Amino acid sequence: MGGRESDMVLLDANGIRCDGRRIDEPRRIMIKAGGLKNADGSAYIEFGDNKIIAGVFGPRDVHPKHMSDTDTGILRVRYHMEPFSVSERKNPAPSRREIEISKVIKEALAPAVMLEKFPRTAVDVFIEVIQADGGTRCAALSAASVALADAGIPMRDMVAACAAGKVADTVILDVNNEEDQAGQADMPVGYMPNLEKITLLQLDGVLSAEEYKKCVETGINGCKLVYELQKKALQEKYFQNGGQQN
Ligand code: CDP
C-alpha cells in the first residue's frame with residue numbers, strides 16, 4: 001500500500017471508484033478455455049486490463065528424475081510477466097515477486113488437483129502475463145484452474161480467485177492497479193466454491209477485525225462470480241463447439 005491516497009480520489013461522494021465502478025462491482029471478466037495447440041490444456045483470461053495466458057503440460061515424466069515422488073504427482077507453476085506487460089519495462093529475469101507469486105499459485109491450486117492419481121509424474125503450469133493492471137495473481141490463478149480442467153486433470157473443484165480491499169475506509173471488490181498502489185489494503189482470495197474452502201489468502205495493508213471479515217466475504221463473493229465464468233468457458237468449449245477448438 002502506497003499510503004498516497006490523499007493524492008487522488010479513489011472513492012467519490014457518490015460511492016464511485018476511480019475507474020467508474022461501484023464498491024461491489026468487479027471489472028469486466030472474459031475467460032476462454034483452450035487456445036494453445038501445443039499444451040495439454042490452456043486458458044486465456046481478461047480481467048479488466050489484465051491479459052493472461054495459462055498453459056498446462058502433463059501429467060508427464062519428471063526431469064530431473066530425483067525430483068519425482070513415488071507416492072504422488074508433483075505440481076510445478078511458473079508465473080512470468082512479459083517485459084512489456086507493465087508501464088515501466090520489467091527485467092525479463094525472474095524477480096523475487098514472480099517467484100513468490102509462482103509459489104502462492106502452486107499452493108492455491110494444489111488442494112484442487114488429484115495429484116495422488118499420478119505418482120512419479122509432474123503437472124506443469126506456465127503462466128504468461130501479457131498485460132498487468134493489478135490483481136494478476138488472482139486472474140492467473142483463475143486461468144490456471146481452467147487450463148488444468150481443460151487438460152483433463154482430475155480435480156476436486158476449480159479454484160476461482162478475486163481480490164477485495166479497502167480504499168477511503170471502505171471495503172471494495174476487485175482491486176485495480178491504482179487502488180492497489182494508493183489504497184489502504186489489498187486481499188487476494190482464492191476459493192473452491194463447491195468445497196467451500198479458501199486456498200489463497202494474502203493481505204497487504206491494515207484492517208480492523210470487522211473489515212477483515214467483510215473483506216474475506218467480499219473476496220469470496222468475487223470468487224463465486226469468477227467461478228460461473230470459468231464453468232461457462234469450459235461449457236462453451238466442450239458442449240457448444242463439440243471440443244473442436246484447441
Ligand atoms: O498483480 P498482483 O496485484 O497480484 O501483484 P502485486 O505485486 O500486488 O502487483 C500489483 C500490480 O503492480 C501488478 O498487477 C502490476 O500492474 C503492477 N506491477 C508493475 O507495474 N511492475 C512490476 N514490475 C510489477 C507489478
# chains A, B, ... in the order shown; residues from 1 in each chain; ligands from 1
>>> select_by_dssp(residues="segment 56-207 of chain A", states="helix (DSSP H, G or I)", output="count of residues only")
47
>>> closest_atom_pairs(of="chain A", to="ligand 1", cutoff="6 Å", atoms="only C-alpha atoms and all ligand atoms", output="tab-separated table")
residue	atom	partner	partner_atom_place_in_ligand_line	distance
A:Val86	CA	ligand 1	20 (O)	4.7
A:Lys90	CA	ligand 1	23 (N)	5.3
A:Ala132	CA	ligand 1	16 (O)	4.2
A:Asp133	CA	ligand 1	16 (O)	3.6
A:Gly134	CA	ligand 1	14 (O)	3.1
A:Gly135	CA	ligand 1	3 (O)	3.5
A:Thr136	CA	ligand 1	1 (O)	3.6
A:Arg137	CA	ligand 1	4 (O)	3.8
A:Asn177	CA	ligand 1	16 (O)	5.3
>>> write_last_selection(atoms="N, CA and C atoms", output="PDB file, in the first residue's frame")
ATOM      1  N   VAL A  86       3.935  -4.203 -18.217  1.00  0.00           N
ATOM      2  CA  VAL A  86       3.729  -3.097 -17.272  1.00  0.00           C
ATOM      3  C   VAL A  86       4.284  -1.812 -17.886  1.00  0.00           C
ATOM      4  N   LYS A  90       9.811  -4.354 -17.477  1.00  0.00           N
ATOM      5  CA  LYS A  90      10.235  -5.276 -16.422  1.00  0.00           C
ATOM      6  C   LYS A  90      11.404  -6.102 -16.936  1.00  0.00           C
ATOM      7  N   ALA A 132      -0.538  -6.253 -17.376  1.00  0.00           N
ATOM      8  CA  ALA A 132      -0.853  -6.290 -15.941  1.00  0.00           C
ATOM      9  C   ALA A 132      -1.509  -4.992 -15.506  1.00  0.00           C
ATOM     10  N   ASP A 133      -2.517  -5.121 -14.650  1.00  0.00           N
ATOM     11  CA  ASP A 133      -3.164  -3.914 -14.121  1.00  0.00           C
ATOM     12  C   ASP A 133      -3.718  -4.151 -12.718  1.00  0.00           C
ATOM     13  N   GLY A 134      -2.949  -4.805 -11.872  1.00  0.00           N
ATOM     14  CA  GLY A 134      -3.399  -5.066 -10.500  1.00  0.00           C
ATOM     15  C   GLY A 134      -4.255  -6.310 -10.424  1.00  0.00           C
ATOM     16  N   GLY A 135      -3.902  -7.219  -9.530  1.00  0.00           N
ATOM     17  CA  GLY A 135      -4.696  -8.445  -9.377  1.00  0.00           C
ATOM     18  C   GLY A 135      -4.291  -9.552 -10.321  1.00  0.00           C
ATOM     19  N   THR A 136      -3.044  -9.543 -10.782  1.00  0.00           N
ATOM     20  CA  THR A 136      -2.644 -10.586 -11.737  1.00  0.00           C
ATOM     21  C   THR A 136      -2.600 -11.968 -11.089  1.00  0.00           C
ATOM     22  N   ARG A 137      -2.254 -12.040  -9.775  1.00  0.00           N
ATOM     23  CA  ARG A 137      -2.171 -13.388  -9.175  1.00  0.00           C
ATOM     24  C   ARG A 137      -3.545 -14.039  -9.146  1.00  0.00           C
ATOM     25  N   ASN A 177      -5.081  -1.590 -10.273  1.00  0.00           N
ATOM     26  CA  ASN A 177      -3.690  -1.193 -10.009  1.00  0.00           C
ATOM     27  C   ASN A 177      -3.587   0.101  -9.200  1.00  0.00           C
TER      28      ASN A 177
END
>>> residues_around(residues="Val62 of chain A", least_positions_apart="2", cutoff="8 Å", atoms="only C-alpha atoms", output="PyMOL selection string")
chain A and resi 60+64-65+67-68+120-122
>>> write_last_selection(atoms="all heavy atoms", output="compact mmCIF listing (two decimals), in the first residue's frame")
# COMPACT_ATOMS: atom_id res chain seq x y z
N ARG A 60 3.29 -35.72 -16.90
CA ARG A 60 4.39 -36.19 -17.75
C ARG A 60 5.59 -36.57 -16.89
O ARG A 60 5.64 -36.24 -15.71
CB ARG A 60 4.75 -35.12 -18.77
CG ARG A 60 5.25 -33.82 -18.17
CD ARG A 60 5.53 -32.82 -19.29
NE ARG A 60 6.00 -31.54 -18.78
CZ ARG A 60 6.29 -30.50 -19.56
NH1 ARG A 60 6.14 -30.57 -20.86
NH2 ARG A 60 6.72 -29.36 -19.05
N PRO A 64 14.62 -33.16 -13.60
CA PRO A 64 15.42 -34.35 -13.29
C PRO A 64 14.62 -35.37 -12.46
O PRO A 64 13.77 -35.00 -11.65
CB PRO A 64 16.58 -33.78 -12.47
CG PRO A 64 16.08 -32.49 -11.92
CD PRO A 64 15.07 -31.97 -12.87
N LYS A 65 14.93 -36.65 -12.69
CA LYS A 65 14.15 -37.76 -12.13
C LYS A 65 14.08 -37.74 -10.60
O LYS A 65 13.07 -38.13 -10.02
CB LYS A 65 14.78 -39.10 -12.58
CG LYS A 65 14.10 -39.67 -13.81
CD LYS A 65 14.16 -41.20 -13.79
CE LYS A 65 13.05 -41.84 -14.58
NZ LYS A 65 12.94 -41.34 -15.95
N MET A 67 13.55 -35.51 -8.70
CA MET A 67 12.50 -34.62 -8.18
C MET A 67 11.14 -35.31 -8.12
O MET A 67 10.19 -34.79 -7.55
CB MET A 67 12.38 -33.37 -9.06
CG MET A 67 13.46 -32.35 -8.76
SD MET A 67 13.28 -30.89 -9.78
CE MET A 67 11.77 -30.20 -9.11
N SER A 68 11.06 -36.50 -8.75
CA SER A 68 9.75 -37.18 -8.76
C SER A 68 9.46 -37.81 -7.41
O SER A 68 10.35 -38.03 -6.59
CB SER A 68 9.73 -38.23 -9.87
OG SER A 68 10.60 -39.27 -9.53
N ARG A 120 4.89 -40.30 -9.57
CA ARG A 120 6.11 -40.21 -10.40
C ARG A 120 6.00 -39.22 -11.55
O ARG A 120 6.89 -39.13 -12.38
CB ARG A 120 6.51 -41.57 -10.98
CG ARG A 120 6.89 -42.60 -9.94
CD ARG A 120 7.53 -43.81 -10.62
NE ARG A 120 7.89 -44.81 -9.65
CZ ARG A 120 7.04 -45.73 -9.21
NH1 ARG A 120 5.81 -45.77 -9.66
NH2 ARG A 120 7.43 -46.60 -8.30
N THR A 121 4.89 -38.50 -11.66
CA THR A 121 4.76 -37.57 -12.79
C THR A 121 4.73 -36.11 -12.30
O THR A 121 4.63 -35.86 -11.10
CB THR A 121 3.47 -37.82 -13.59
OG1 THR A 121 2.36 -37.45 -12.77
CG2 THR A 121 3.33 -39.27 -14.01
N ALA A 122 4.78 -35.21 -13.27
CA ALA A 122 4.66 -33.78 -12.95
C ALA A 122 3.57 -33.17 -13.81
O ALA A 122 3.38 -33.54 -14.97
CB ALA A 122 5.98 -33.07 -13.21
>>> residues_around(residues="Glu100 of chain A", least_positions_apart="5", cutoff="12 Å", atoms="only C-alpha atoms", output="list of chain:residue names")
A:Val77, A:Arg78, A:Tyr79, A:His80, A:Pro94, A:Ser95, A:Ile105, A:Lys106, A:Glu107, A:Arg137, A:Gln202
>>> write_last_selection(atoms="all heavy atoms", output="compact mmCIF listing (two decimals), in the first residue's frame")
# COMPACT_ATOMS: atom_id res chain seq x y z
N VAL A 77 4.60 -24.66 -10.95
CA VAL A 77 3.96 -23.48 -11.52
C VAL A 77 5.00 -22.41 -11.79
O VAL A 77 5.83 -22.12 -10.94
CB VAL A 77 2.88 -22.91 -10.56
CG1 VAL A 77 2.32 -21.59 -11.09
CG2 VAL A 77 1.75 -23.92 -10.34
N ARG A 78 4.96 -21.85 -13.01
CA ARG A 78 5.81 -20.69 -13.29
C ARG A 78 4.93 -19.51 -13.73
O ARG A 78 4.25 -19.58 -14.75
CB ARG A 78 6.82 -20.97 -14.41
CG ARG A 78 7.83 -19.83 -14.52
CD ARG A 78 8.72 -19.93 -15.73
NE ARG A 78 7.97 -19.62 -16.96
CZ ARG A 78 8.55 -19.26 -18.10
NH1 ARG A 78 9.85 -19.21 -18.18
NH2 ARG A 78 7.83 -18.99 -19.16
N TYR A 79 4.94 -18.48 -12.91
CA TYR A 79 4.25 -17.22 -13.23
C TYR A 79 5.30 -16.29 -13.80
O TYR A 79 6.33 -16.05 -13.18
CB TYR A 79 3.65 -16.65 -11.94
CG TYR A 79 3.25 -15.19 -11.98
CD1 TYR A 79 1.91 -14.81 -12.11
CD2 TYR A 79 4.20 -14.18 -11.85
CE1 TYR A 79 1.55 -13.46 -12.11
CE2 TYR A 79 3.84 -12.84 -11.86
CZ TYR A 79 2.51 -12.49 -11.99
OH TYR A 79 2.15 -11.16 -11.97
N HIS A 80 5.06 -15.77 -15.00
CA HIS A 80 6.05 -14.90 -15.64
C HIS A 80 5.37 -13.69 -16.26
O HIS A 80 4.32 -13.81 -16.89
CB HIS A 80 6.81 -15.69 -16.73
CG HIS A 80 7.80 -14.85 -17.46
ND1 HIS A 80 7.62 -14.45 -18.77
CD2 HIS A 80 8.96 -14.29 -17.06
CE1 HIS A 80 8.65 -13.70 -19.14
NE2 HIS A 80 9.48 -13.60 -18.12
N PRO A 94 13.59 -13.77 -13.84
CA PRO A 94 12.58 -13.95 -12.79
C PRO A 94 12.88 -13.07 -11.57
O PRO A 94 14.01 -13.06 -11.08
CB PRO A 94 12.70 -15.43 -12.41
CG PRO A 94 13.60 -16.06 -13.40
CD PRO A 94 14.34 -15.00 -14.13
N SER A 95 11.90 -12.33 -11.13
CA SER A 95 12.07 -11.44 -9.98
C SER A 95 11.63 -12.18 -8.72
O SER A 95 10.96 -13.22 -8.79
CB SER A 95 11.20 -10.20 -10.15
OG SER A 95 9.84 -10.59 -10.23
N ILE A 105 0.57 -19.42 -6.11
CA ILE A 105 -0.41 -20.01 -7.05
C ILE A 105 -0.33 -21.53 -6.98
O ILE A 105 -1.35 -22.22 -6.97
CB ILE A 105 -0.19 -19.49 -8.49
CG1 ILE A 105 -0.57 -18.00 -8.55
CG2 ILE A 105 -1.02 -20.29 -9.50
CD1 ILE A 105 -0.36 -17.34 -9.91
N LYS A 106 0.89 -22.07 -6.89
CA LYS A 106 1.04 -23.52 -6.77
C LYS A 106 0.32 -24.02 -5.51
O LYS A 106 -0.45 -24.98 -5.56
CB LYS A 106 2.52 -23.90 -6.71
CG LYS A 106 2.73 -25.39 -6.66
CD LYS A 106 4.18 -25.75 -6.56
CE LYS A 106 4.51 -26.01 -5.12
NZ LYS A 106 5.82 -26.61 -4.95
N GLU A 107 0.54 -23.35 -4.42
CA GLU A 107 -0.08 -23.79 -3.16
C GLU A 107 -1.60 -23.60 -3.18
O GLU A 107 -2.32 -24.34 -2.51
CB GLU A 107 0.56 -23.03 -1.98
CG GLU A 107 1.98 -23.52 -1.75
CD GLU A 107 2.76 -22.69 -0.74
OE1 GLU A 107 2.22 -21.71 -0.20
OE2 GLU A 107 3.93 -23.04 -0.48
N ARG A 137 -2.25 -12.04 -9.77
CA ARG A 137 -2.17 -13.39 -9.18
C ARG A 137 -3.55 -14.04 -9.15
O ARG A 137 -3.67 -15.24 -9.36
CB ARG A 137 -1.50 -13.34 -7.80
CG ARG A 137 -2.33 -12.88 -6.66
CD ARG A 137 -1.49 -12.58 -5.44
NE ARG A 137 -0.57 -11.48 -5.70
CZ ARG A 137 0.56 -11.28 -5.06
NH1 ARG A 137 0.92 -12.09 -4.10
NH2 ARG A 137 1.33 -10.27 -5.35
N GLN A 202 -4.08 -13.66 1.14
CA GLN A 202 -2.96 -12.81 1.49
C GLN A 202 -3.51 -11.44 1.87
O GLN A 202 -4.63 -11.09 1.46
CB GLN A 202 -2.01 -12.67 0.29
CG GLN A 202 -1.33 -13.97 -0.09
CD GLN A 202 -0.33 -13.77 -1.21
OE1 GLN A 202 -0.70 -13.54 -2.35
NE2 GLN A 202 0.95 -13.84 -0.88
>>> select_by_dssp(residues="segment 8-244 of chain A", states="strand (DSSP E)", output="VMD selection string")
chain A and resid 29 to 33 41 to 47 50 to 61 74 to 81 121 to 131 160 to 167 170 to 173 185 to 192 197 to 201 204 to 205
>>> write_last_selection(atoms="C-alpha atoms", output="PDB file, in the first residue's frame")
ATOM      1  CA  ILE A  29     -14.024 -10.524 -16.954  1.00  0.00           C
ATOM      2  CA  MET A  30     -13.651 -12.716 -20.049  1.00  0.00           C
ATOM      3  CA  ILE A  31     -12.372 -16.303 -19.862  1.00  0.00           C
ATOM      4  CA  LYS A  32     -11.698 -18.613 -22.788  1.00  0.00           C
ATOM      5  CA  ALA A  33     -10.784 -22.286 -22.359  1.00  0.00           C
ATOM      6  CA  GLY A  41      -4.743 -27.661 -21.598  1.00  0.00           C
ATOM      7  CA  SER A  42      -4.874 -23.887 -21.695  1.00  0.00           C
ATOM      8  CA  ALA A  43      -6.917 -20.809 -20.936  1.00  0.00           C
ATOM      9  CA  TYR A  44      -6.914 -17.085 -21.616  1.00  0.00           C
ATOM     10  CA  ILE A  45      -8.304 -14.509 -19.224  1.00  0.00           C
ATOM     11  CA  GLU A  46      -9.002 -10.802 -19.441  1.00  0.00           C
ATOM     12  CA  PHE A  47      -9.691  -9.394 -16.009  1.00  0.00           C
ATOM     13  CA  ASN A  50      -5.070  -7.790 -17.138  1.00  0.00           C
ATOM     14  CA  LYS A  51      -4.403 -10.176 -20.032  1.00  0.00           C
ATOM     15  CA  ILE A  52      -3.000 -13.582 -19.113  1.00  0.00           C
ATOM     16  CA  ILE A  53      -2.440 -16.974 -20.769  1.00  0.00           C
ATOM     17  CA  ALA A  54      -2.065 -20.249 -18.853  1.00  0.00           C
ATOM     18  CA  GLY A  55      -0.748 -23.468 -20.390  1.00  0.00           C
ATOM     19  CA  VAL A  56      -0.757 -26.900 -18.710  1.00  0.00           C
ATOM     20  CA  PHE A  57       1.556 -29.800 -19.640  1.00  0.00           C
ATOM     21  CA  GLY A  58       1.221 -33.265 -18.158  1.00  0.00           C
ATOM     22  CA  PRO A  59       0.955 -35.435 -16.243  1.00  0.00           C
ATOM     23  CA  ARG A  60       4.386 -36.190 -17.751  1.00  0.00           C
ATOM     24  CA  ASP A  61       7.771 -37.642 -16.797  1.00  0.00           C
ATOM     25  CA  ILE A  74       4.014 -33.055  -8.327  1.00  0.00           C
ATOM     26  CA  LEU A  75       2.683 -29.678  -9.392  1.00  0.00           C
ATOM     27  CA  ARG A  76       5.035 -27.033 -10.766  1.00  0.00           C
ATOM     28  CA  VAL A  77       3.964 -23.479 -11.523  1.00  0.00           C
ATOM     29  CA  ARG A  78       5.809 -20.688 -13.295  1.00  0.00           C
ATOM     30  CA  TYR A  79       4.253 -17.216 -13.232  1.00  0.00           C
ATOM     31  CA  HIS A  80       6.048 -14.904 -15.641  1.00  0.00           C
ATOM     32  CA  MET A  81       5.485 -11.297 -16.615  1.00  0.00           C
ATOM     33  CA  THR A 121       4.763 -37.569 -12.789  1.00  0.00           C
ATOM     34  CA  ALA A 122       4.660 -33.778 -12.948  1.00  0.00           C
ATOM     35  CA  VAL A 123       1.939 -31.381 -13.981  1.00  0.00           C
ATOM     36  CA  ASP A 124       3.493 -28.132 -15.201  1.00  0.00           C
ATOM     37  CA  VAL A 125       1.553 -24.869 -15.304  1.00  0.00           C
ATOM     38  CA  PHE A 126       3.037 -21.953 -17.243  1.00  0.00           C
ATOM     39  CA  ILE A 127       1.500 -18.530 -16.797  1.00  0.00           C
ATOM     40  CA  GLU A 128       2.357 -15.599 -19.051  1.00  0.00           C
ATOM     41  CA  VAL A 129       1.175 -12.136 -18.068  1.00  0.00           C
ATOM     42  CA  ILE A 130       0.874 -10.148 -21.286  1.00  0.00           C
ATOM     43  CA  GLN A 131      -0.645  -7.069 -19.676  1.00  0.00           C
ATOM     44  CA  ALA A 160     -11.614 -19.181  -8.505  1.00  0.00           C
ATOM     45  CA  ALA A 161      -9.845 -16.043  -7.339  1.00  0.00           C
ATOM     46  CA  CYS A 162     -10.628 -12.380  -6.798  1.00  0.00           C
ATOM     47  CA  ALA A 163      -9.249  -9.690  -4.501  1.00  0.00           C
ATOM     48  CA  ALA A 164     -11.081  -7.482  -2.058  1.00  0.00           C
ATOM     49  CA  GLY A 165      -9.545  -4.421  -0.470  1.00  0.00           C
ATOM     50  CA  LYS A 166     -10.007  -1.103   1.251  1.00  0.00           C
ATOM     51  CA  VAL A 167      -9.954   2.422  -0.134  1.00  0.00           C
ATOM     52  CA  THR A 170     -14.461   1.379   2.558  1.00  0.00           C
ATOM     53  CA  VAL A 171     -14.257  -2.320   1.625  1.00  0.00           C
ATOM     54  CA  ILE A 172     -14.264  -2.811  -2.145  1.00  0.00           C
ATOM     55  CA  LEU A 173     -14.437  -5.753  -4.556  1.00  0.00           C
ATOM     56  CA  ALA A 185      -5.496  -2.752   1.823  1.00  0.00           C
ATOM     57  CA  ASP A 186      -5.398  -5.481  -0.831  1.00  0.00           C
ATOM     58  CA  MET A 187      -6.561  -9.026  -0.037  1.00  0.00           C
ATOM     59  CA  PRO A 188      -6.280 -11.631  -2.821  1.00  0.00           C
ATOM     60  CA  VAL A 189      -8.614 -14.585  -2.169  1.00  0.00           C
ATOM     61  CA  GLY A 190      -8.635 -17.993  -3.878  1.00  0.00           C
ATOM     62  CA  TYR A 191     -11.657 -20.171  -3.180  1.00  0.00           C
ATOM     63  CA  MET A 192     -13.166 -23.515  -4.189  1.00  0.00           C
ATOM     64  CA  LYS A 197     -12.580 -23.919   1.011  1.00  0.00           C
ATOM     65  CA  ILE A 198     -10.173 -20.995   0.811  1.00  0.00           C
ATOM     66  CA  THR A 199      -6.827 -21.903  -0.819  1.00  0.00           C
ATOM     67  CA  LEU A 200      -5.267 -18.437  -1.110  1.00  0.00           C
ATOM     68  CA  LEU A 201      -5.485 -15.601   1.370  1.00  0.00           C
ATOM     69  CA  ASP A 204      -1.210  -6.248   2.203  1.00  0.00           C
ATOM     70  CA  GLY A 205      -2.321  -3.370   4.446  1.00  0.00           C
TER      71      GLY A 205
END
>>> residues_around(residues="Pro154 of chain A", least_positions_apart="6", cutoff="9 Å", atoms="only C-alpha atoms", output="PDB file with C-alpha atoms, in the first residue's frame")
ATOM      1  CA  ALA A 112      -7.821 -28.885  -6.007  1.00  0.00           C
ATOM      2  CA  VAL A 113      -5.672 -31.230  -8.096  1.00  0.00           C
ATOM      3  CA  MET A 114      -5.800 -35.017  -7.552  1.00  0.00           C
ATOM      4  CA  LEU A 115      -2.055 -35.448  -7.870  1.00  0.00           C
ATOM      5  CA  LYS A 117      -3.612 -40.349  -9.059  1.00  0.00           C
ATOM      6  CA  LEU A 148      -5.974 -27.698 -15.647  1.00  0.00           C
TER       7      LEU A 148
END
>>> closest_residue(among="A:Asp49, A:Met8, A:Asn221, A:Gly35", to="Asn176 of chain A", atoms="only C-alpha atoms")
A:Asp49
>>> closest_residue(among="A:Asp69, A:Val206, A:Asp40, A:Pro26", to="Lys224 of chain A", atoms="only C-alpha atoms")
A:Pro26
>>> closest_residue(among="A:Glu228, A:Gly183, A:Ile220, A:Phe118", to="Met158 of chain A", atoms="only C-alpha atoms")
A:Glu228
>>> decode(residues="segment 204-213 of chain A", atoms="all heavy atoms", output="PDB file, in the first residue's frame")
ATOM      1  N   ASP A 204      -2.187  -7.323   2.204  1.00  0.00           N
ATOM      2  CA  ASP A 204      -1.210  -6.248   2.203  1.00  0.00           C
ATOM      3  C   ASP A 204      -1.959  -5.015   2.708  1.00  0.00           C
ATOM      4  O   ASP A 204      -2.912  -4.567   2.072  1.00  0.00           O
ATOM      5  CB  ASP A 204      -0.706  -6.045   0.761  1.00  0.00           C
ATOM      6  CG  ASP A 204       0.376  -4.988   0.691  1.00  0.00           C
ATOM      7  OD1 ASP A 204       0.860  -4.548   1.752  1.00  0.00           O
ATOM      8  OD2 ASP A 204       0.737  -4.604  -0.441  1.00  0.00           O
ATOM      9  N   GLY A 205      -1.599  -4.510   3.877  1.00  0.00           N
ATOM     10  CA  GLY A 205      -2.321  -3.370   4.446  1.00  0.00           C
ATOM     11  C   GLY A 205      -2.822  -3.704   5.837  1.00  0.00           C
ATOM     12  O   GLY A 205      -2.529  -4.780   6.364  1.00  0.00           O
ATOM     13  N   VAL A 206      -3.580  -2.782   6.396  1.00  0.00           N
ATOM     14  CA  VAL A 206      -4.066  -2.967   7.769  1.00  0.00           C
ATOM     15  C   VAL A 206      -5.588  -2.890   7.769  1.00  0.00           C
ATOM     16  O   VAL A 206      -6.184  -2.005   7.159  1.00  0.00           O
ATOM     17  CB  VAL A 206      -3.488  -1.874   8.705  1.00  0.00           C
ATOM     18  CG1 VAL A 206      -4.003  -2.048  10.127  1.00  0.00           C
ATOM     19  CG2 VAL A 206      -1.966  -1.904   8.685  1.00  0.00           C
ATOM     20  N   LEU A 207      -6.219  -3.870   8.459  1.00  0.00           N
ATOM     21  CA  LEU A 207      -7.684  -3.899   8.551  1.00  0.00           C
ATOM     22  C   LEU A 207      -8.085  -4.131  10.006  1.00  0.00           C
ATOM     23  O   LEU A 207      -7.376  -4.829  10.742  1.00  0.00           O
ATOM     24  CB  LEU A 207      -8.249  -5.059   7.716  1.00  0.00           C
ATOM     25  CG  LEU A 207      -8.044  -5.045   6.205  1.00  0.00           C
ATOM     26  CD1 LEU A 207      -8.507  -6.372   5.606  1.00  0.00           C
ATOM     27  CD2 LEU A 207      -8.794  -3.891   5.554  1.00  0.00           C
ATOM     28  N   SER A 208      -9.246  -3.607  10.392  1.00  0.00           N
ATOM     29  CA  SER A 208      -9.800  -3.953  11.701  1.00  0.00           C
ATOM     30  C   SER A 208     -10.384  -5.362  11.584  1.00  0.00           C
ATOM     31  O   SER A 208     -10.548  -5.882  10.470  1.00  0.00           O
ATOM     32  CB  SER A 208     -10.913  -2.967  12.081  1.00  0.00           C
ATOM     33  OG  SER A 208     -12.020  -3.162  11.214  1.00  0.00           O
ATOM     34  N   ALA A 209     -10.718  -5.978  12.709  1.00  0.00           N
ATOM     35  CA  ALA A 209     -11.283  -7.334  12.682  1.00  0.00           C
ATOM     36  C   ALA A 209     -12.563  -7.367  11.845  1.00  0.00           C
ATOM     37  O   ALA A 209     -12.793  -8.285  11.056  1.00  0.00           O
ATOM     38  CB  ALA A 209     -11.562  -7.805  14.108  1.00  0.00           C
ATOM     39  N   GLU A 210     -13.369  -6.324  11.981  1.00  0.00           N
ATOM     40  CA  GLU A 210     -14.634  -6.252  11.232  1.00  0.00           C
ATOM     41  C   GLU A 210     -14.382  -6.101   9.718  1.00  0.00           C
ATOM     42  O   GLU A 210     -15.020  -6.760   8.900  1.00  0.00           O
ATOM     43  CB  GLU A 210     -15.418  -5.049  11.755  1.00  0.00           C
ATOM     44  CG  GLU A 210     -16.908  -5.135  11.505  1.00  0.00           C
ATOM     45  CD  GLU A 210     -17.608  -3.939  12.137  1.00  0.00           C
ATOM     46  OE1 GLU A 210     -17.400  -3.726  13.353  1.00  0.00           O
ATOM     47  OE2 GLU A 210     -18.306  -3.231  11.410  1.00  0.00           O
ATOM     48  N   GLU A 211     -13.421  -5.225   9.385  1.00  0.00           N
ATOM     49  CA  GLU A 211     -13.087  -5.026   7.967  1.00  0.00           C
ATOM     50  C   GLU A 211     -12.487  -6.303   7.367  1.00  0.00           C
ATOM     51  O   GLU A 211     -12.746  -6.636   6.209  1.00  0.00           O
ATOM     52  CB  GLU A 211     -12.071  -3.882   7.827  1.00  0.00           C
ATOM     53  CG  GLU A 211     -12.653  -2.510   8.037  1.00  0.00           C
ATOM     54  CD  GLU A 211     -11.579  -1.439   8.222  1.00  0.00           C
ATOM     55  OE1 GLU A 211     -10.395  -1.779   8.470  1.00  0.00           O
ATOM     56  OE2 GLU A 211     -11.928  -0.260   8.131  1.00  0.00           O
ATOM     57  N   TYR A 212     -11.701  -6.993   8.162  1.00  0.00           N
ATOM     58  CA  TYR A 212     -11.079  -8.242   7.712  1.00  0.00           C
ATOM     59  C   TYR A 212     -12.162  -9.242   7.299  1.00  0.00           C
ATOM     60  O   TYR A 212     -12.136  -9.830   6.216  1.00  0.00           O
ATOM     61  CB  TYR A 212     -10.204  -8.808   8.841  1.00  0.00           C
ATOM     62  CG  TYR A 212      -9.534 -10.115   8.501  1.00  0.00           C
ATOM     63  CD1 TYR A 212      -8.285 -10.149   7.890  1.00  0.00           C
ATOM     64  CD2 TYR A 212     -10.154 -11.327   8.793  1.00  0.00           C
ATOM     65  CE1 TYR A 212      -7.676 -11.348   7.568  1.00  0.00           C
ATOM     66  CE2 TYR A 212      -9.562 -12.529   8.478  1.00  0.00           C
ATOM     67  CZ  TYR A 212      -8.321 -12.540   7.866  1.00  0.00           C
ATOM     68  OH  TYR A 212      -7.739 -13.729   7.557  1.00  0.00           O
ATOM     69  N   LYS A 213     -13.160  -9.392   8.167  1.00  0.00           N
ATOM     70  CA  LYS A 213     -14.262 -10.329   7.908  1.00  0.00           C
ATOM     71  C   LYS A 213     -15.018  -9.914   6.641  1.00  0.00           C
ATOM     72  O   LYS A 213     -15.326 -10.737   5.782  1.00  0.00           O
ATOM     73  CB  LYS A 213     -15.201 -10.302   9.124  1.00  0.00           C
ATOM     74  CG  LYS A 213     -16.114 -11.474   9.213  1.00  0.00           C
ATOM     75  CD  LYS A 213     -16.721 -11.591  10.620  1.00  0.00           C
ATOM     76  CE  LYS A 213     -17.911 -12.506  10.587  1.00  0.00           C
ATOM     77  NZ  LYS A 213     -19.186 -11.838  10.397  1.00  0.00           N
TER      78      LYS A 213
END
